[in-house]
file data_24.pdb (PDB, N, CA and C atoms)
ATOM      1  N   MET L   1      98.326  74.356 110.828
ATOM      2  CA  MET L   1      98.305  75.770 110.618
ATOM      3  C   MET L   1      99.563  76.395 111.210
ATOM      4  N   LYS L   2     100.171  77.274 110.442
ATOM      5  CA  LYS L   2     101.337  78.007 110.898
ATOM      6  C   LYS L   2     100.921  79.436 111.219
ATOM      7  N   GLU L   3     101.743  80.109 111.996
ATOM      8  CA  GLU L   3     101.497  81.510 112.305
ATOM      9  C   GLU L   3     102.818  82.258 112.209
ATOM     10  N   ILE L   4     102.774  83.417 111.592
ATOM     11  CA  ILE L   4     103.972  84.247 111.486
ATOM     12  C   ILE L   4     103.589  85.683 111.813
ATOM     13  N   ASN L   5     104.433  86.332 112.600
ATOM     14  CA  ASN L   5     104.204  87.715 112.994
ATOM     15  C   ASN L   5     105.258  88.572 112.299
ATOM     16  N   VAL L   6     104.806  89.420 111.374
ATOM     17  CA  VAL L   6     105.736  90.278 110.632
ATOM     18  C   VAL L   6     105.665  91.730 111.099
ATOM     19  N   THR L   7     105.097  91.943 112.270
ATOM     20  CA  THR L   7     105.016  93.284 112.843
ATOM     21  C   THR L   7     106.417  93.860 112.985
ATOM     22  N   GLY L   8     106.589  95.088 112.514
ATOM     23  CA  GLY L   8     107.875  95.760 112.640
ATOM     24  C   GLY L   8     108.824  95.521 111.481
ATOM     25  N   LEU L   9     108.515  94.576 110.613
ATOM     26  CA  LEU L   9     109.378  94.326 109.464
ATOM     27  C   LEU L   9     109.044  95.291 108.339
ATOM     28  N   GLN L  10     110.062  95.706 107.605
ATOM     29  CA  GLN L  10     109.852  96.535 106.423
ATOM     30  C   GLN L  10     109.110  95.700 105.380
ATOM     31  N   CYS L  11     108.526  96.345 104.403
ATOM     32  CA  CYS L  11     107.666  95.678 103.415
ATOM     33  C   CYS L  11     108.332  94.455 102.780
ATOM     34  N   THR L  12     109.520  94.641 102.232
ATOM     35  CA  THR L  12     110.206  93.542 101.558
ATOM     36  C   THR L  12     110.553  92.429 102.542
ATOM     37  N   GLN L  13     110.974  92.797 103.732
ATOM     38  CA  GLN L  13     111.304  91.793 104.743
ATOM     39  C   GLN L  13     110.068  90.987 105.122
ATOM     40  N   ALA L  14     108.937  91.649 105.249
ATOM     41  CA  ALA L  14     107.695  90.958 105.601
ATOM     42  C   ALA L  14     107.314  89.968 104.497
ATOM     43  N   VAL L  15     107.409  90.400 103.250
ATOM     44  CA  VAL L  15     107.068  89.526 102.125
ATOM     45  C   VAL L  15     107.996  88.314 102.095
ATOM     46  N   MET L  16     109.268  88.528 102.265
ATOM     47  CA  MET L  16     110.224  87.409 102.229
ATOM     48  C   MET L  16     109.979  86.444 103.388
ATOM     49  N   ALA L  17     109.658  86.958 104.545
ATOM     50  CA  ALA L  17     109.374  86.088 105.687
ATOM     51  C   ALA L  17     108.141  85.228 105.420
ATOM     52  N   VAL L  18     107.108  85.825 104.859
ATOM     53  CA  VAL L  18     105.888  85.083 104.534
ATOM     54  C   VAL L  18     106.174  84.048 103.442
ATOM     55  N   LEU L  19     106.908  84.446 102.419
ATOM     56  CA  LEU L  19     107.227  83.535 101.320
ATOM     57  C   LEU L  19     108.034  82.336 101.801
ATOM     58  N   ARG L  20     108.984  82.568 102.726
ATOM     59  CA  ARG L  20     109.773  81.451 103.282
ATOM     60  C   ARG L  20     108.881  80.424 103.977
ATOM     61  N   GLU L  21     107.820  80.893 104.619
ATOM     62  CA  GLU L  21     106.899  79.971 105.295
ATOM     63  C   GLU L  21     105.932  79.309 104.313
ATOM     64  N   LEU L  22     105.517  80.042 103.284
ATOM     65  CA  LEU L  22     104.534  79.517 102.330
ATOM     66  C   LEU L  22     105.105  78.439 101.410
ATOM     67  N   MET L  23     106.313  78.619 100.960
ATOM     68  CA  MET L  23     106.863  77.729  99.930
ATOM     69  C   MET L  23     106.863  76.249 100.323
ATOM     70  N   PRO L  24     107.290  75.897 101.524
ATOM     71  CA  PRO L  24     107.309  74.460 101.847
ATOM     72  C   PRO L  24     105.954  73.880 102.285
ATOM     73  N   MET L  25     104.928  74.716 102.369
ATOM     74  CA  MET L  25     103.629  74.240 102.860
ATOM     75  C   MET L  25     102.969  73.284 101.873
ATOM     76  N   GLU L  26     102.131  72.418 102.418
ATOM     77  CA  GLU L  26     101.340  71.507 101.604
ATOM     78  C   GLU L  26     100.118  72.234 101.054
ATOM     79  N   LYS L  27      99.539  71.691 100.011
ATOM     80  CA  LYS L  27      98.330  72.267  99.429
ATOM     81  C   LYS L  27      97.226  72.295 100.489
ATOM     82  N   ASN L  28      96.484  73.386 100.530
ATOM     83  CA  ASN L  28      95.380  73.641 101.464
ATOM     84  C   ASN L  28      95.817  73.886 102.906
ATOM     85  N   GLU L  29      97.097  73.838 103.194
ATOM     86  CA  GLU L  29      97.578  74.196 104.528
ATOM     87  C   GLU L  29      97.461  75.707 104.679
ATOM     88  N   GLU L  30      97.157  76.182 105.873
ATOM     89  CA  GLU L  30      96.944  77.609 106.111
ATOM     90  C   GLU L  30      98.070  78.223 106.932
ATOM     91  N   ILE L  31      98.271  79.518 106.702
ATOM     92  CA  ILE L  31      99.197  80.297 107.513
ATOM     93  C   ILE L  31      98.480  81.571 107.948
ATOM     94  N   HIS L  32      98.645  81.925 109.199
ATOM     95  CA  HIS L  32      98.084  83.169 109.738
ATOM     96  C   HIS L  32      99.219  84.178 109.800
ATOM     97  N   VAL L  33      99.036  85.309 109.133
ATOM     98  CA  VAL L  33     100.054  86.359 109.084
ATOM     99  C   VAL L  33      99.553  87.555 109.889
ATOM    100  N   ILE L  34     100.288  87.896 110.920
ATOM    101  CA  ILE L  34      99.947  89.035 111.776
ATOM    102  C   ILE L  34     100.861  90.194 111.382
ATOM    103  N   TYR L  35     100.263  91.349 111.134
ATOM    104  CA  TYR L  35     101.023  92.517 110.691
ATOM    105  C   TYR L  35     100.439  93.774 111.335
ATOM    106  N   LYS L  36     101.162  94.865 111.258
ATOM    107  CA  LYS L  36     100.670  96.166 111.744
ATOM    108  C   LYS L  36     100.724  97.216 110.638
ATOM    109  N   GLU L  37     101.761  97.187 109.822
ATOM    110  CA  GLU L  37     101.996  98.211 108.819
ATOM    111  C   GLU L  37     101.120  97.996 107.584
ATOM    112  N   PRO L  38     100.384  99.022 107.159
ATOM    113  CA  PRO L  38      99.540  98.909 105.963
ATOM    114  C   PRO L  38     100.332  98.562 104.702
ATOM    115  N   ASN L  39     101.563  99.054 104.600
ATOM    116  CA  ASN L  39     102.373  98.748 103.422
ATOM    117  C   ASN L  39     102.781  97.283 103.385
ATOM    118  N   ALA L  40     102.985  96.676 104.532
ATOM    119  CA  ALA L  40     103.294  95.246 104.573
ATOM    120  C   ALA L  40     102.093  94.460 104.053
ATOM    121  N   ARG L  41     100.895  94.860 104.460
ATOM    122  CA  ARG L  41      99.684  94.198 103.977
ATOM    123  C   ARG L  41      99.595  94.311 102.460
ATOM    124  N   ARG L  42      99.808  95.509 101.940
ATOM    125  CA  ARG L  42      99.730  95.741 100.499
ATOM    126  C   ARG L  42     100.692  94.825  99.745
ATOM    127  N   ASP L  43     101.920  94.718 100.217
ATOM    128  CA  ASP L  43     102.920  93.906  99.530
ATOM    129  C   ASP L  43     102.635  92.411  99.664
ATOM    130  N   ILE L  44     102.125  91.989 100.805
ATOM    131  CA  ILE L  44     101.770  90.577 100.976
ATOM    132  C   ILE L  44     100.586  90.218 100.081
ATOM    133  N   MET L  45      99.636  91.135  99.956
ATOM    134  CA  MET L  45      98.496  90.898  99.057
ATOM    135  C   MET L  45      98.977  90.768  97.613
ATOM    136  N   ALA L  46      99.956  91.557  97.216
ATOM    137  CA  ALA L  46     100.520  91.454  95.863
ATOM    138  C   ALA L  46     101.193  90.096  95.679
ATOM    139  N   LEU L  47     101.887  89.617  96.694
ATOM    140  CA  LEU L  47     102.511  88.296  96.643
ATOM    141  C   LEU L  47     101.459  87.210  96.452
ATOM    142  N   ILE L  48     100.373  87.290  97.200
ATOM    143  CA  ILE L  48      99.301  86.296  97.103
ATOM    144  C   ILE L  48      98.759  86.248  95.679
ATOM    145  N   LYS L  49      98.516  87.406  95.112
ATOM    146  CA  LYS L  49      97.969  87.467  93.756
ATOM    147  C   LYS L  49      98.981  86.954  92.733
ATOM    148  N   ARG L  50     100.216  87.404  92.842
ATOM    149  CA  ARG L  50     101.261  87.035  91.890
ATOM    150  C   ARG L  50     101.548  85.534  91.903
ATOM    151  N   ARG L  51     101.578  84.946  93.093
ATOM    152  CA  ARG L  51     101.897  83.515  93.232
ATOM    153  C   ARG L  51     100.663  82.620  93.210
ATOM    154  N   LYS L  52      99.491  83.235  93.103
ATOM    155  CA  LYS L  52      98.215  82.516  93.043
ATOM    156  C   LYS L  52      97.941  81.682  94.294
ATOM    157  N   TYR L  53      98.283  82.250  95.459
ATOM    158  CA  TYR L  53      97.889  81.644  96.717
ATOM    159  C   TYR L  53      96.450  82.054  96.997
ATOM    160  N   ASN L  54      95.825  81.442  97.963
ATOM    161  CA  ASN L  54      94.425  81.719  98.284
ATOM    162  C   ASN L  54      94.326  82.558  99.553
ATOM    163  N   LEU L  55      93.613  83.664  99.441
ATOM    164  CA  LEU L  55      93.344  84.493 100.608
ATOM    165  C   LEU L  55      92.066  83.972 101.252
ATOM    166  N   ILE L  56      92.182  83.428 102.440
ATOM    167  CA  ILE L  56      91.043  82.867 103.161
ATOM    168  C   ILE L  56      90.313  83.958 103.938
ATOM    169  N   LYS L  57      91.092  84.817 104.610
ATOM    170  CA  LYS L  57      90.479  85.858 105.435
ATOM    171  C   LYS L  57      91.388  87.075 105.467
ATOM    172  N   ASP L  58      90.755  88.231 105.421
ATOM    173  CA  ASP L  58      91.472  89.504 105.485
ATOM    174  C   ASP L  58      90.801  90.345 106.566
ATOM    175  N   GLU L  59      91.373  90.299 107.755
ATOM    176  CA  GLU L  59      90.858  91.076 108.879
ATOM    177  C   GLU L  59      91.895  92.121 109.263
ATOM    178  N   GLU L  60      91.520  93.012 110.142
ATOM    179  CA  GLU L  60      92.456  94.018 110.598
ATOM    180  C   GLU L  60      93.653  93.351 111.271
ATOM    181  N   ASN L  61      94.828  93.577 110.720
ATOM    182  CA  ASN L  61      96.096  93.056 111.242
ATOM    183  C   ASN L  61      96.233  91.539 111.151
ATOM    184  N   LEU L  62      95.409  90.870 110.346
ATOM    185  CA  LEU L  62      95.516  89.423 110.190
ATOM    186  C   LEU L  62      95.124  89.021 108.775
ATOM    187  N   LEU L  63      95.990  88.246 108.140
ATOM    188  CA  LEU L  63      95.679  87.622 106.850
ATOM    189  C   LEU L  63      95.784  86.117 107.040
ATOM    190  N   ILE L  64      94.828  85.388 106.512
ATOM    191  CA  ILE L  64      94.910  83.933 106.512
ATOM    192  C   ILE L  64      95.040  83.504 105.058
ATOM    193  N   ILE L  65      96.114  82.788 104.769
ATOM    194  CA  ILE L  65      96.462  82.421 103.402
ATOM    195  C   ILE L  65      96.616  80.906 103.333
ATOM    196  N   SER L  66      96.213  80.342 102.204
ATOM    197  CA  SER L  66      96.480  78.915 101.985
ATOM    198  C   SER L  66      97.165  78.756 100.644
ATOM    199  N   LYS L  67      97.853  77.654 100.518
ATOM    200  CA  LYS L  67      98.593  77.357  99.287
ATOM    201  C   LYS L  67      97.684  76.705  98.290
TER     202      LYS L  67
END
call {"tool": "encode", "arguments": {"input": "data_24.pdb", "output": "structure tokens"}}
result
Amino acid sequence: MKEINVTGLQCTQAVMAVLRELMPMEKNEEIHVIYKEPNARRDIMALIKRRKYNLIKDEENLLIISK
């Protein structure tokens, strides 16, 4: 399991940081994404849907995603 903290990053920066970590991951490997900004969450959720990643958990300030 990987963990990435995108707190303080602008929306596009947060998405790119998450994508850089997701791309090399193995199937079913998980990443925990810690965020604060609601817009970062919105954009990361769009990335998950667009790239067909799996959202495991959506809690306040935490997304768990798998490939």
call {"tool": "select_by_dssp", "arguments": {"input": "data_24.pdb", "residues": "chain L", "states": "strand (DSSP E or B)", "output": "list in words"}}
result
Lys2, Glu3, Ile4, Asn5, Glu30, Ile31, His32, Val33, Ile34, Asn54, Leu55, Ile56, Lys57, Asp58, Glu59, Leu62, Leu63, Ile64, Ile65 and Ser66 of chain L
call {"tool": "resolve_selection", "arguments": {"input": "data_24.pdb", "expression": "the PyMOL selection byres ((chain L and resi 8) around 6)", "output": "ChimeraX atom specification"}}
result
/L:6-7,9-10,36-37
call {"tool": "resolve_selection", "arguments": {"input": "data_24.pdb", "expression": "the PyMOL selection byres ((chain L and resi 17-24) around 8)", "output": "JSON, numbers by chain"}}
result
{"L": [4, 6, 11, 12, 13, 14, 15, 16, 25, 26, 27, 31, 33, 44, 66, 67]}
call {"tool": "residues_around", "arguments": {"input": "data_24.pdb", "residues": "L:His32", "least_positions_apart": "2", "cutoff": "7 Å", "atoms": "all atoms listed in the file", "output": "list in words"}}
result
Met1, Lys2, Glu3, Ile4, Asn5, Glu30, Ile34, Leu62, Leu63, Ile64 and Ile65 of chain L
call {"tool": "atom_distance", "arguments": {"input": "data_24.pdb", "atom1": "atom CA of L:Asn28", "atom2": "atom N of L:Arg41"}}
result
22.1 Å
call {"tool": "atom_distance", "arguments": {"input": "data_24.pdb", "atom1": "atom CA of L:Tyr35", "atom2": "atom CA of L:Lys57"}}
result
13.5 Å
call {"tool": "select_by_dssp", "arguments": {"input": "data_24.pdb", "residues": "chain L", "states": "alpha helix (DSSP H)", "output": "PyMOL selection string"}}
result
chain L and resi 11-22+38-51
call {"tool": "atom_distance", "arguments": {"input": "data_24.pdb", "atom1": "atom N of L:Asn54", "atom2": "atom N of L:Pro38"}}
result
20.4 Å
call {"tool": "axis_aligned_box", "arguments": {"input": "data_24.pdb", "around": "stretch 18-32 of chain L", "padding_each_side": "6 Å", "output": "AutoDock Vina command-line options"}}
result
--center_x 102.6 --center_y 78.7 --center_z 104.6 --size_x 26.4 --size_y 26.3 --size_z 22.4
